[in-house]
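What's in input_0.txt: compact mmCIF, C-alpha atoms
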```txt
# COMPACT_ATOMS: atom_id res chain seq x y z
CA MET A 1 -2.50 -131.35 153.29
CA LYS A 2 1.12 -130.21 153.21
CA LYS A 3 3.56 -132.74 151.81
CA LYS A 4 5.92 -134.48 154.19
CA LYS A 5 9.54 -133.64 153.51
CA ALA A 6 12.34 -136.19 153.85
CA PHE A 7 16.10 -135.99 153.56
CA ILE A 8 18.17 -139.00 152.48
CA SER A 9 21.95 -138.97 152.84
CA GLY A 10 23.53 -141.41 150.39
CA VAL A 11 20.56 -141.06 148.06
CA SER A 12 22.54 -142.28 145.05
CA GLY A 13 23.25 -145.64 146.69
CA GLN A 14 21.20 -148.82 146.43
CA ASP A 15 19.04 -148.26 149.52
CA GLY A 16 18.88 -144.50 148.99
CA ALA A 17 17.42 -144.91 145.51
CA TYR A 18 14.80 -147.48 146.51
CA LEU A 19 13.85 -145.45 149.57
CA ALA A 20 13.54 -142.26 147.51
CA ARG A 21 11.17 -143.99 145.10
CA LEU A 22 9.09 -145.37 147.98
CA LEU A 23 8.77 -141.95 149.61
CA LEU A 24 7.89 -140.28 146.31
CA GLU A 25 5.16 -142.86 145.78
CA LYS A 26 3.82 -141.94 149.21
CA GLY A 27 3.66 -138.27 148.28
CA TYR A 28 6.78 -136.99 150.02
CA GLU A 29 9.03 -134.19 148.87
CA VAL A 30 12.43 -135.91 148.74
CA VAL A 31 15.78 -134.16 149.10
CA GLY A 32 18.98 -136.14 148.67
CA GLY A 33 22.41 -135.31 150.04
CA GLU A 34 25.66 -135.97 148.18
CA ARG A 35 29.29 -135.02 148.76
CA ILE A 36 30.35 -131.86 146.95
CA ASN A 37 33.16 -133.70 145.17
CA ALA A 38 31.12 -136.82 144.41
CA GLU A 39 31.11 -138.20 140.89
CA ARG A 40 27.49 -137.13 140.37
CA ASN A 41 26.72 -140.68 139.35
CA TYR A 42 22.96 -140.96 139.67
CA TRP A 43 22.48 -144.04 137.50
CA ARG A 44 20.39 -145.75 140.16
CA LEU A 45 17.95 -142.83 140.35
CA LYS A 46 17.78 -142.82 136.54
CA GLU A 47 17.23 -146.58 136.49
CA LEU A 48 14.21 -146.09 138.77
CA GLN A 49 13.13 -143.06 136.67
CA ILE A 50 13.13 -140.69 139.62
CA ASP A 51 16.26 -138.63 138.91
CA LYS A 52 14.12 -135.60 137.99
CA ASP A 53 11.98 -135.94 141.12
CA VAL A 54 14.70 -135.90 143.79
CA ARG A 55 16.38 -132.60 144.61
CA ILE A 56 20.09 -133.11 145.27
CA ILE A 57 21.98 -130.76 147.58
CA PRO A 58 25.56 -130.80 148.93
CA PHE A 59 25.91 -132.79 152.16
CA GLU A 60 29.30 -133.40 153.72
CA LEU A 61 29.46 -135.99 156.49
CA LEU A 62 32.82 -134.58 157.61
CA ASP A 63 31.70 -130.93 157.69
CA GLU A 64 29.86 -130.00 160.88
CA ASN A 65 28.89 -126.55 159.55
CA ASN A 66 27.38 -128.02 156.40
CA ILE A 67 25.40 -130.57 158.42
CA ASN A 68 24.09 -127.80 160.68
CA GLU A 69 23.04 -125.65 157.74
CA VAL A 70 21.29 -128.47 155.87
CA ILE A 71 19.26 -129.48 158.92
CA LYS A 72 18.62 -125.93 160.16
CA SER A 73 17.26 -124.73 156.81
CA GLY A 74 15.54 -127.92 155.65
CA ASN A 75 12.55 -128.23 157.97
CA TYR A 76 12.50 -132.00 157.40
CA ASN A 77 9.89 -134.31 158.84
CA GLU A 78 12.17 -137.31 158.43
CA PHE A 79 15.93 -137.72 158.04
CA TYR A 80 17.36 -141.02 156.76
CA ASN A 81 21.10 -141.39 157.24
CA LEU A 82 22.19 -144.02 154.71
CA ALA A 83 25.56 -142.56 153.72
CA ALA A 84 28.63 -144.39 155.01
CA GLN A 85 31.99 -145.91 154.26
CA SER A 86 30.31 -149.27 153.71
CA PHE A 87 33.15 -151.66 152.83
CA VAL A 88 34.36 -153.91 155.64
CA ASN A 89 37.70 -154.66 153.97
CA LYS A 90 38.37 -150.98 153.32
CA SER A 91 37.75 -150.22 156.99
CA PHE A 92 40.89 -152.20 157.90
CA LEU A 93 42.89 -150.05 155.47
CA SER A 94 41.28 -146.75 156.53
CA PRO A 95 40.06 -147.11 160.13
CA VAL A 96 40.33 -143.40 160.99
CA TYR A 97 38.40 -142.28 157.91
CA THR A 98 35.80 -144.99 158.50
CA THR A 99 35.33 -143.82 162.10
CA ARG A 100 34.91 -140.19 161.07
CA VAL A 101 32.38 -140.97 158.35
CA ASN A 102 30.37 -143.70 160.08
CA ALA A 103 30.57 -142.65 163.73
CA LEU A 104 31.44 -139.01 164.40
CA SER A 105 29.28 -137.68 161.57
CA VAL A 106 26.22 -139.29 163.16
CA VAL A 107 26.83 -137.38 166.40
CA ASN A 108 27.04 -134.15 164.39
CA ILE A 109 23.71 -134.98 162.73
CA LEU A 110 22.07 -135.81 166.06
CA GLU A 111 23.38 -132.58 167.58
CA ALA A 112 22.08 -130.56 164.62
CA ILE A 113 18.63 -132.13 164.90
CA ARG A 114 18.57 -131.56 168.67
CA ASN A 115 19.59 -127.91 168.34
CA PHE A 116 17.84 -126.82 165.15
CA SER A 117 15.07 -129.28 164.21
CA SER A 118 13.88 -131.19 167.26
CA LYS A 119 10.71 -132.50 165.61
CA THR A 120 12.62 -134.26 162.81
CA LYS A 121 12.46 -138.04 163.06
CA PHE A 122 15.84 -139.69 162.49
CA TYR A 123 16.70 -143.08 160.98
CA GLN A 124 20.21 -144.50 161.28
CA ALA A 125 21.43 -147.32 159.05
CA SER A 126 23.05 -149.68 161.51
CA SER A 127 24.47 -153.03 160.45
CA SER A 128 24.31 -156.71 161.34
CA GLU A 129 28.13 -156.57 161.28
CA MET A 130 27.88 -155.03 164.77
CA PHE A 131 27.02 -158.45 166.22
CA GLY A 132 30.35 -159.84 165.06
CA ASN A 133 31.46 -163.26 166.24
CA ILE A 134 29.21 -164.24 169.10
CA LYS A 135 28.26 -167.81 169.97
CA SER A 136 24.63 -167.45 168.94
CA LYS A 137 24.18 -167.69 165.18
CA MET A 138 20.71 -166.12 165.36
CA ARG A 139 20.75 -162.43 166.28
CA HIS A 140 17.93 -160.16 167.50
CA GLU A 141 17.58 -156.76 169.17
CA LYS A 142 18.72 -158.02 172.60
CA THR A 143 21.72 -159.98 171.31
CA ASN A 144 25.07 -158.74 172.61
CA PHE A 145 27.45 -157.03 170.20
CA ARG A 146 31.01 -158.16 169.54
CA PRO A 147 32.26 -156.33 166.43
CA VAL A 148 35.28 -157.72 164.57
CA SER A 149 36.09 -154.93 162.09
CA PRO A 150 36.66 -151.16 162.22
CA TYR A 151 33.51 -150.82 160.09
CA ALA A 152 31.42 -152.69 162.66
CA VAL A 153 32.91 -150.72 165.57
CA SER A 154 32.14 -147.42 163.82
CA LYS A 155 28.55 -148.49 163.22
CA LEU A 156 28.19 -149.61 166.83
CA TYR A 157 29.45 -146.26 168.14
CA ALA A 158 26.76 -144.47 166.12
CA HIS A 159 24.16 -147.01 167.24
CA TRP A 160 24.85 -146.43 170.95
CA MET A 161 25.07 -142.65 170.58
CA LEU A 162 21.64 -142.71 168.96
CA ASP A 163 20.35 -144.63 171.99
CA ILE A 164 21.74 -141.94 174.28
CA TYR A 165 20.10 -139.10 172.35
CA ARG A 166 16.79 -140.95 172.37
CA ASN A 167 16.85 -141.65 176.09
CA VAL A 168 18.48 -138.45 177.39
CA TYR A 169 16.96 -135.86 175.06
CA GLY A 170 13.72 -137.62 174.09
CA MET A 171 14.56 -137.42 170.40
CA TYR A 172 12.77 -139.61 167.88
CA CYS A 173 15.65 -141.81 166.69
CA CYS A 174 15.41 -145.27 165.15
CA SER A 175 18.15 -147.69 164.21
CA GLY A 176 17.64 -150.34 161.55
CA ILE A 177 19.99 -153.27 162.11
CA LEU A 178 19.85 -154.63 158.59
CA PHE A 179 21.31 -157.92 157.47
CA ASN A 180 22.71 -158.31 153.95
CA HIS A 181 20.36 -157.07 151.27
CA ASP A 182 20.92 -156.79 147.55
CA SER A 183 19.27 -155.85 144.27
CA PRO A 184 20.12 -155.01 140.65
CA LEU A 185 21.25 -151.63 142.01
CA ARG A 186 23.98 -153.22 144.14
CA GLY A 187 27.54 -152.01 143.53
CA GLU A 188 30.01 -154.27 141.71
CA ASP A 189 32.27 -154.51 144.78
CA PHE A 190 29.74 -156.55 146.76
CA VAL A 191 30.02 -160.31 146.49
CA THR A 192 26.48 -161.09 145.31
CA LYS A 193 26.64 -158.57 142.46
CA LYS A 194 30.17 -159.70 141.60
CA ILE A 195 29.04 -163.33 141.37
CA ILE A 196 26.09 -162.50 139.13
CA SER A 197 27.97 -160.01 136.98
CA ASP A 198 30.93 -162.33 136.39
CA LEU A 199 28.87 -165.48 135.79
CA VAL A 200 26.74 -163.63 133.23
CA LYS A 201 29.93 -162.50 131.48
CA ILE A 202 31.21 -166.09 131.56
CA LYS A 203 27.89 -167.27 130.11
CA LEU A 204 28.24 -164.71 127.31
CA LYS A 205 31.91 -165.65 126.78
CA LYS A 206 33.07 -162.19 127.89
CA LYS A 207 35.06 -163.48 130.88
CA LYS A 208 36.95 -166.68 131.66
CA TYR A 209 36.44 -167.19 135.38
CA LEU A 210 35.25 -165.76 138.70
CA ILE A 211 37.58 -165.37 141.70
CA LEU A 212 36.14 -165.49 145.23
CA GLY A 213 37.40 -165.50 148.80
CA ASN A 214 35.88 -167.64 151.55
CA ILE A 215 32.99 -169.46 149.89
CA TYR A 216 31.79 -171.07 153.14
CA VAL A 217 30.82 -167.94 155.06
CA ARG A 218 27.07 -167.91 155.57
CA ARG A 219 24.90 -164.83 155.19
CA ASP A 220 21.27 -163.81 155.60
CA TRP A 221 20.34 -162.25 152.24
CA GLY A 222 17.28 -160.15 151.40
CA TYR A 223 16.01 -157.67 148.81
CA SER A 224 16.76 -153.97 149.26
CA LYS A 225 13.36 -152.94 147.90
CA ASP A 226 11.70 -154.88 150.75
CA TYR A 227 14.08 -153.56 153.40
CA VAL A 228 13.62 -149.83 152.70
CA GLU A 229 9.92 -150.28 153.44
CA ALA A 230 10.93 -151.34 156.95
CA MET A 231 13.00 -148.16 157.31
CA TRP A 232 9.97 -146.04 156.49
CA LYS A 233 7.69 -148.04 158.78
CA MET A 234 10.05 -147.43 161.72
CA LEU A 235 9.53 -143.68 161.50
CA GLN A 236 5.73 -144.03 161.35
CA GLN A 237 5.43 -145.56 164.84
CA LYS A 238 4.40 -143.62 167.95
CA LYS A 239 7.48 -144.84 169.80
CA ALA A 240 11.00 -144.70 168.37
CA ASP A 241 12.88 -147.99 168.64
CA ASP A 242 15.49 -150.25 167.02
CA TYR A 243 14.69 -153.20 164.79
CA VAL A 244 16.54 -156.12 163.22
CA ILE A 245 15.57 -156.49 159.56
CA SER A 246 16.43 -159.83 157.97
CA SER A 247 15.16 -162.85 156.06
CA GLY A 248 15.91 -165.26 158.91
CA ILE A 249 17.43 -167.75 156.48
CA THR A 250 21.14 -168.30 155.89
CA HIS A 251 23.11 -169.57 152.88
CA ASN A 252 26.82 -169.76 152.17
CA VAL A 253 28.52 -168.05 149.23
CA LYS A 254 29.00 -171.36 147.43
CA THR A 255 25.25 -171.99 147.54
CA PHE A 256 24.64 -168.52 146.13
CA VAL A 257 27.04 -169.31 143.27
CA ASN A 258 25.19 -172.56 142.59
CA LYS A 259 21.80 -170.80 142.53
CA VAL A 260 23.05 -168.18 140.06
CA ALA A 261 24.71 -170.82 137.85
CA ARG A 262 21.53 -172.90 137.87
CA TYR A 263 19.44 -169.91 136.80
CA LEU A 264 21.90 -169.16 133.99
CA LYS A 265 21.84 -172.84 132.96
CA ILE A 266 25.51 -173.35 133.76
CA ASP A 267 26.01 -176.90 135.03
CA LEU A 268 28.69 -176.77 137.74
CA THR A 269 30.68 -179.44 139.48
CA TRP A 270 32.98 -178.63 142.40
CA LYS A 271 36.37 -180.26 142.93
CA GLY A 272 39.21 -179.90 145.42
CA ASN A 273 39.36 -178.53 148.95
CA GLY A 274 40.39 -175.32 150.66
CA LEU A 275 42.23 -172.86 148.44
CA SER A 276 42.37 -175.53 145.71
CA GLU A 277 38.58 -175.82 145.47
CA ARG A 278 37.16 -174.77 142.13
CA ALA A 279 33.97 -175.00 140.08
CA ILE A 280 34.08 -176.56 136.64
CA ASP A 281 31.58 -176.14 133.83
CA LYS A 282 30.51 -179.70 133.02
CA LYS A 283 29.82 -178.76 129.39
CA THR A 284 33.09 -177.00 128.55
CA LYS A 285 35.27 -178.72 131.22
CA LYS A 286 36.72 -175.30 132.03
CA ILE A 287 37.35 -173.90 135.51
CA ILE A 288 35.01 -170.95 135.98
CA VAL A 289 35.22 -170.32 139.75
CA LYS A 290 38.48 -170.10 141.70
CA VAL A 291 39.26 -169.36 145.35
CA SER A 292 41.93 -166.85 146.36
CA LYS A 293 43.33 -166.23 149.84
CA THR A 294 43.84 -162.55 148.95
CA LEU A 295 40.07 -162.05 149.00
CA PHE A 296 39.56 -163.43 152.53
CA ARG A 297 38.70 -160.82 155.17
CA PRO A 298 41.26 -160.30 157.97
CA ASN A 299 38.58 -161.07 160.56
CA GLU A 300 35.51 -162.92 159.31
CA ILE A 301 32.02 -163.62 160.63
CA ASP A 302 31.46 -167.23 159.64
CA HIS A 303 27.74 -167.69 160.20
CA ALA A 304 24.94 -165.28 161.04
CA TYR A 305 21.25 -164.75 160.51
CA GLY A 306 18.66 -162.46 162.04
CA SER A 307 15.25 -162.67 163.65
CA SER A 308 12.78 -160.02 162.50
CA SER A 309 9.98 -161.13 164.82
CA LYS A 310 9.89 -157.70 166.50
CA ALA A 311 9.54 -155.94 163.13
CA ASN A 312 6.89 -158.45 162.13
CA ASN A 313 4.90 -157.89 165.34
CA ILE A 314 5.19 -154.10 165.65
CA LEU A 315 5.85 -152.82 162.13
CA LYS A 316 3.79 -155.55 160.46
CA TRP A 317 6.78 -156.07 158.19
CA LYS A 318 8.24 -159.24 156.76
CA PRO A 319 10.34 -159.88 153.65
CA LYS A 320 8.40 -160.52 150.45
CA THR A 321 11.27 -161.81 148.35
CA ASN A 322 13.17 -165.08 148.94
CA ILE A 323 16.71 -165.73 147.76
CA ASP A 324 15.69 -167.61 144.61
CA THR A 325 13.48 -164.76 143.48
CA LEU A 326 16.25 -162.28 144.36
CA VAL A 327 18.71 -164.26 142.19
CA LYS A 328 16.18 -164.25 139.34
CA ILE A 329 15.60 -160.47 139.63
CA MET A 330 19.33 -159.70 139.69
CA CYS A 331 20.23 -162.11 136.88
CA GLU A 332 17.48 -160.81 134.60
CA ALA A 333 18.60 -157.22 135.17
CA GLU A 334 22.23 -158.13 134.42
CA LEU A 335 21.28 -160.01 131.25
CA GLU A 336 19.12 -157.12 130.12
CA LYS A 337 22.02 -154.72 130.65
CA HIS A 338 24.22 -156.80 128.36
CA ASN A 339 21.48 -157.06 125.75
CA LYS A 340 21.27 -153.26 125.61
CA LEU A 341 25.01 -153.13 124.92
CA LYS A 342 24.73 -155.31 121.82
```

Could you render the structure as structure tokens?
Amino acid sequence: MKKKKAFISGVSGQDGAYLARLLLEKGYEVVGGERINAERNYWRLKELQIDKDVRIIPFELLDENNINEVIKSGNYNEFYNLAAQSFVNKSFLSPVYTTRVNALSVVNILEAIRNFSSKTKFYQASSSEMFGNIKSKMRHEKTNFRPVSPYAVSKLYAHWMLDIYRNVYGMYCCSGILFNHDSPLRGEDFVTKKIISDLVKIKLKKKKYLILGNIYVRRDWGYSKDYVEAMWKMLQQKKADDYVISSGITHNVKTFVNKVARYLKIDLTWKGNGLSERAIDKKTKKIIVKVSKTLFRPNEIDHAYGSSSKANNILKWKPKTNIDTLVKIMCEAELEKHNKLK
């Protein structure tokens, strides 16, 4: 039987790397797309020992001709669009760029598939940020959207355009509305990885303290390795549809800090309120966590979690990894990294 062939934009990212490994394990030929001027930093693929198994080709989200050529010549069974400008804070600084990368590029991809490769199944990485600040804390596929950042608006534009192409042209398009998900492959700019990385450095006496923004925002955290399986399952169904992928459980940032500290055997006590709140190491009496107003988002979602009942019922998917296990996995990987540097 001929191998299935899949394309992954953003293959060098956290989700791209885990998805590539999953597809390779299932016997796919995997092609990854990266910007021509990218840093060629494939450390995640190397970490998963698949860097020699994924063919990387140039893929420019802002170049319509390049998108057309990649899709026209690729003959892909499945196309996973994971590339994006993925930082909410950065989207306030660069709203036009964020819109071009996250929104308009998706229309170009959909048009290319419609015109040159109509049998290709398409997956779009949507985001729980699209729900924004609505009254309901629990969000599902029929929940209204009220985005509060340029990032969320750009993702919502792509999400609705995908719906149009599915309904008007009969294209096989799926949108995964994923809530926060992390792993040892997470970038340092994301809060969970920052917390773990800095607390490990503090534990090893390589850093004095960790600085955070709003520690009371609540998030629904899962494991990227679990979530990419849901992406794949979406494209294996007879009917294309959209799915919320989440753990269904919410924790605030302060709780995440406490879980990491507990795993690292750092005994914390919290003192103060508001911007004066800080965490103190009971053993050393030193402040190791501070709060800074400069790290607060301009427009924040205070509390959100998702319901994956539809994914559970149709895809037969549910998360395998709870937050405590996720903390353990990420902490162990970070500690191992420092041990290798000795």

Exercise. What separation in Å, quoted to one decimal, exists between atom CA of A:Ala17 and atom CA of A:Leu45?
Worked result: 5.6 Å

For this session: Find, counting all atoms listed in the file, the residue in A:Ser149, A:Asn339, A:Asn77, A:Asn252 that gets nearest to A:Ile113.
Result: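 Closest candidate: A:Asn77.
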
For this session: Could you tell me how far atom CA of A:Gly16 lies from atom CA of A:Phe79, in Å and to one decimal?
Result: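 Between atom CA of A:Gly16 and atom CA of A:Phe79 the gap works out to 11.7 Å.
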
For this session: Find the residue from A:Tyr42, A:Tyr123, A:Tyr172, A:Tyr209 that sits nearest to A:Ile288; use only C-alpha atoms when measuring.
Result: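 Answer, going by the shortest atom-to-atom distance: A:Tyr209.
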
For this session: Identify which of the residues A:Ile211, A:Met231, A:Val260, A:Met130 lies closest to A:Ala304, counting only C-alpha atoms when measuring atom-to-atom distances.
Result: A:Met130

Problem set entry | Residues within 12 Å of A:Gly306, all atoms listed in the file, excluding chain neighbours under 3 positions, as a PyMOL selection string | chain A and resi 127-129+131+136-143+177-180+218-222+243-250+303+309-311

Write the residues you've just listed into a file as a short mmCIF file (atom, residue, chain, number, x, y, z; two decimals), keeping the file's coordinate frame, and include C-alpha atoms for each of them.
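In the end it all went to selection20.cif:
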```cif
data_model
loop_
_atom_site.label_atom_id
_atom_site.label_comp_id
_atom_site.auth_asym_id
_atom_site.auth_seq_id
_atom_site.Cartn_x
_atom_site.Cartn_y
_atom_site.Cartn_z
CA SER A 127 24.47 -153.03 160.45
CA SER A 128 24.31 -156.71 161.34
CA GLU A 129 28.13 -156.57 161.28
CA PHE A 131 27.02 -158.45 166.22
CA SER A 136 24.63 -167.45 168.94
CA LYS A 137 24.18 -167.69 165.18
CA MET A 138 20.71 -166.12 165.36
CA ARG A 139 20.75 -162.43 166.28
CA HIS A 140 17.93 -160.16 167.50
CA GLU A 141 17.58 -156.76 169.17
CA LYS A 142 18.72 -158.02 172.60
CA THR A 143 21.72 -159.98 171.31
CA ILE A 177 19.99 -153.27 162.11
CA LEU A 178 19.85 -154.63 158.59
CA PHE A 179 21.31 -157.92 157.47
CA ASN A 180 22.71 -158.31 153.95
CA ARG A 218 27.07 -167.91 155.57
CA ARG A 219 24.90 -164.83 155.19
CA ASP A 220 21.27 -163.81 155.60
CA TRP A 221 20.34 -162.25 152.24
CA GLY A 222 17.28 -160.15 151.40
CA TYR A 243 14.69 -153.20 164.79
CA VAL A 244 16.54 -156.12 163.22
CA ILE A 245 15.57 -156.49 159.56
CA SER A 246 16.43 -159.83 157.97
CA SER A 247 15.16 -162.85 156.06
CA GLY A 248 15.91 -165.26 158.91
CA ILE A 249 17.43 -167.75 156.48
CA THR A 250 21.14 -168.30 155.89
CA HIS A 303 27.74 -167.69 160.20
CA SER A 309 9.98 -161.13 164.82
CA LYS A 310 9.89 -157.70 166.50
CA ALA A 311 9.54 -155.94 163.13
#
```

Using only C-alpha atoms, can you list as a PDB file with C-alpha atoms, keeping the file's coordinate frame the residues within 6 Å of (25.6, -150.0, 141.3)?
```pdb
ATOM      1  CA  LEU A 185      21.250-151.630 142.010  1.00  0.00           C
ATOM      2  CA  ARG A 186      23.980-153.220 144.140  1.00  0.00           C
ATOM      3  CA  GLY A 187      27.540-152.010 143.530  1.00  0.00           C
TER       4      GLY A 187
END
```

For this session: Provide the atom CA of A:Val96 to atom CA of A:Phe7 distance in Å, to one decimal place.
Result: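 Those two atoms sit 26.4 Å apart.
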
Exercise. Restricting the calculation to all atoms listed in the file, which member of A:Pro298, A:Gly27, A:Gly272, A:Gly170 is positioned closest to A:Arg114?
Worked result: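 Residue with the minimum atom-to-atom distance to A:Arg114: A:Gly170.
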
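Remark: for A:Glu78, the closest of the candidate residues A:Tyr28, A:Phe116, A:Phe256, A:Tyr305 is A:Tyr28 (distances computed over all atoms listed in the file).
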
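The shell of residues at most 12 Å from A:Ala333, with all atoms listed in the file counted and near chain neighbours (fewer than 2 positions) removed, consists of Glu47, Ser183, Pro184, Leu185, Arg186, Lys193, Ile196, Ser197, Val200, Leu326, Val327, Lys328, Ile329, Met330, Cys331, Leu335, Glu336, Lys337, His338, Asn339 and Lys340 of chain A.
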
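Among the candidates A:Leu48, A:Phe145, A:Thr99, A:Lys119, the residue lying nearest to A:Asn75 is A:Lys119 (atoms considered: only C-alpha atoms).
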
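Polymer residues near (33.0, -155.5, 146.9): counting all atoms listed in the file with a cut-off of 10 Å, they are Ser86, Phe87, Val88, Asn89, Lys90, Arg186, Gly187, Glu188, Asp189, Phe190, Val191, Thr192, Lys193, Lys194 and Leu295 of chain A.
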
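For A:Val101, the list of residues within 7 Å, based on all atoms listed in the file and with local chain neighbours fewer than 4 positions off taken out, reads Leu61, Leu62, Ala84, Gln85, Tyr97 and Ser105 of chain A.
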
Could the residues in this selection be saved with C-alpha atoms as a PDB file, in the frame of the given file?
```pdb
ATOM      1  CA  LEU A  61      29.460-135.990 156.490  1.00  0.00           C
ATOM      2  CA  LEU A  62      32.820-134.580 157.610  1.00  0.00           C
ATOM      3  CA  ALA A  84      28.630-144.390 155.010  1.00  0.00           C
ATOM      4  CA  GLN A  85      31.990-145.910 154.260  1.00  0.00           C
ATOM      5  CA  TYR A  97      38.400-142.280 157.910  1.00  0.00           C
ATOM      6  CA  SER A 105      29.280-137.680 161.570  1.00  0.00           C
TER       7      SER A 105
END
```

Taking 3 positions as the minimum chain separation for residues in the same chain, which residues sit within 12 Å of A:Arg40 when counting only C-alpha atoms? Answer as a short mmCIF file (atom, residue, chain, number, x, y, z; two decimals) with C-alpha atoms, in the coordinates of the input.
```cif
data_model
loop_
_atom_site.label_atom_id
_atom_site.label_comp_id
_atom_site.auth_asym_id
_atom_site.auth_seq_id
_atom_site.Cartn_x
_atom_site.Cartn_y
_atom_site.Cartn_z
CA GLY A 10 23.53 -141.41 150.39
CA VAL A 11 20.56 -141.06 148.06
CA SER A 12 22.54 -142.28 145.05
CA GLY A 13 23.25 -145.64 146.69
CA GLY A 32 18.98 -136.14 148.67
CA GLY A 33 22.41 -135.31 150.04
CA GLU A 34 25.66 -135.97 148.18
CA ARG A 35 29.29 -135.02 148.76
CA ILE A 36 30.35 -131.86 146.95
CA ASN A 37 33.16 -133.70 145.17
CA TRP A 43 22.48 -144.04 137.50
CA ARG A 44 20.39 -145.75 140.16
CA LEU A 45 17.95 -142.83 140.35
CA LYS A 46 17.78 -142.82 136.54
CA ASP A 51 16.26 -138.63 138.91
CA ILE A 56 20.09 -133.11 145.27
CA ILE A 57 21.98 -130.76 147.58
CA PRO A 58 25.56 -130.80 148.93
#
```

Exercise. Neighbours of A:Leu210 within 10 Å (only C-alpha atoms; same-chain residues fewer than 5 positions away dropped), as number ranges by chain?
Worked result: A: 194-199, 201-202, 278-279, 287-291

Give me, as JSON lines, the closest atom pair and its distance (Å, one decimal) for every residue of stretch 171-263 of chain A within a cut-off of 12 Å of stretch 273-276 of chain A, counting all atoms listed in the file, rows sorted by chain and rising number.
```
{"residue": "A:Ile211", "atom": "CA", "partner": "A:Leu275", "partner_atom": "CA", "distance": 11.1}
{"residue": "A:Leu212", "atom": "CA", "partner": "A:Leu275", "partner_atom": "CA", "distance": 10.1}
{"residue": "A:Gly213", "atom": "CA", "partner": "A:Leu275", "partner_atom": "CA", "distance": 8.8}
{"residue": "A:Asn214", "atom": "CA", "partner": "A:Leu275", "partner_atom": "CA", "distance": 8.8}
{"residue": "A:Ile215", "atom": "CA", "partner": "A:Gly274", "partner_atom": "CA", "distance": 9.5}
{"residue": "A:Tyr216", "atom": "CA", "partner": "A:Gly274", "partner_atom": "CA", "distance": 9.9}
```

Selected residues written out with C-alpha atoms, as a short mmCIF file (atom, residue, chain, number, x, y, z; two decimals), in the frame of the given file:
```cif
data_model
loop_
_atom_site.label_atom_id
_atom_site.label_comp_id
_atom_site.auth_asym_id
_atom_site.auth_seq_id
_atom_site.Cartn_x
_atom_site.Cartn_y
_atom_site.Cartn_z
CA ILE A 211 37.58 -165.37 141.70
CA LEU A 212 36.14 -165.49 145.23
CA GLY A 213 37.40 -165.50 148.80
CA ASN A 214 35.88 -167.64 151.55
CA ILE A 215 32.99 -169.46 149.89
CA TYR A 216 31.79 -171.07 153.14
#
```

Just stretch 140-149 of chain A, please, as a PDB file, in the first residue's frame (only N, CA, C and O atoms).
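And here is the file that came out, out.pdb:
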```pdb
ATOM      1  N   HIS A 140     -17.219  25.328  24.651  1.00  0.00           N
ATOM      2  CA  HIS A 140     -17.334  24.161  23.777  1.00  0.00           C
ATOM      3  C   HIS A 140     -17.559  24.662  22.351  1.00  0.00           C
ATOM      4  O   HIS A 140     -17.491  25.873  22.077  1.00  0.00           O
ATOM      5  N   GLU A 141     -17.821  23.744  21.423  1.00  0.00           N
ATOM      6  CA  GLU A 141     -17.892  24.098  20.004  1.00  0.00           C
ATOM      7  C   GLU A 141     -18.999  25.084  19.670  1.00  0.00           C
ATOM      8  O   GLU A 141     -18.908  25.820  18.673  1.00  0.00           O
ATOM      9  N   LYS A 142     -20.063  25.149  20.470  1.00  0.00           N
ATOM     10  CA  LYS A 142     -21.178  26.051  20.180  1.00  0.00           C
ATOM     11  C   LYS A 142     -21.131  27.336  21.006  1.00  0.00           C
ATOM     12  O   LYS A 142     -22.045  28.166  20.925  1.00  0.00           O
ATOM     13  N   THR A 143     -20.068  27.504  21.778  1.00  0.00           N
ATOM     14  CA  THR A 143     -19.905  28.727  22.571  1.00  0.00           C
ATOM     15  C   THR A 143     -19.611  29.906  21.646  1.00  0.00           C
ATOM     16  O   THR A 143     -18.855  29.774  20.676  1.00  0.00           O
ATOM     17  N   ASN A 144     -20.191  31.046  21.930  1.00  0.00           N
ATOM     18  CA  ASN A 144     -19.920  32.247  21.135  1.00  0.00           C
ATOM     19  C   ASN A 144     -18.487  32.712  21.328  1.00  0.00           C
ATOM     20  O   ASN A 144     -17.871  32.488  22.375  1.00  0.00           O
ATOM     21  N   PHE A 145     -17.972  33.403  20.311  1.00  0.00           N
ATOM     22  CA  PHE A 145     -16.612  33.933  20.365  1.00  0.00           C
ATOM     23  C   PHE A 145     -16.643  35.428  20.692  1.00  0.00           C
ATOM     24  O   PHE A 145     -17.494  36.163  20.201  1.00  0.00           O
ATOM     25  N   ARG A 146     -15.686  35.852  21.498  1.00  0.00           N
ATOM     26  CA  ARG A 146     -15.530  37.270  21.801  1.00  0.00           C
ATOM     27  C   ARG A 146     -14.043  37.564  22.028  1.00  0.00           C
ATOM     28  O   ARG A 146     -13.598  37.776  23.156  1.00  0.00           O
ATOM     29  N   PRO A 147     -13.253  37.567  20.963  1.00  0.00           N
ATOM     30  CA  PRO A 147     -11.794  37.697  21.093  1.00  0.00           C
ATOM     31  C   PRO A 147     -11.379  39.038  21.689  1.00  0.00           C
ATOM     32  O   PRO A 147     -12.030  40.061  21.456  1.00  0.00           O
ATOM     33  N   VAL A 148     -10.269  39.014  22.440  1.00  0.00           N
ATOM     34  CA  VAL A 148      -9.815  40.232  23.120  1.00  0.00           C
ATOM     35  C   VAL A 148      -8.371  40.586  22.777  1.00  0.00           C
ATOM     36  O   VAL A 148      -7.740  41.391  23.466  1.00  0.00           O
ATOM     37  N   SER A 149      -7.833  40.009  21.718  1.00  0.00           N
ATOM     38  CA  SER A 149      -6.468  40.344  21.285  1.00  0.00           C
ATOM     39  C   SER A 149      -6.390  40.236  19.769  1.00  0.00           C
ATOM     40  O   SER A 149      -7.171  39.495  19.154  1.00  0.00           O
TER      41      SER A 149
END
```
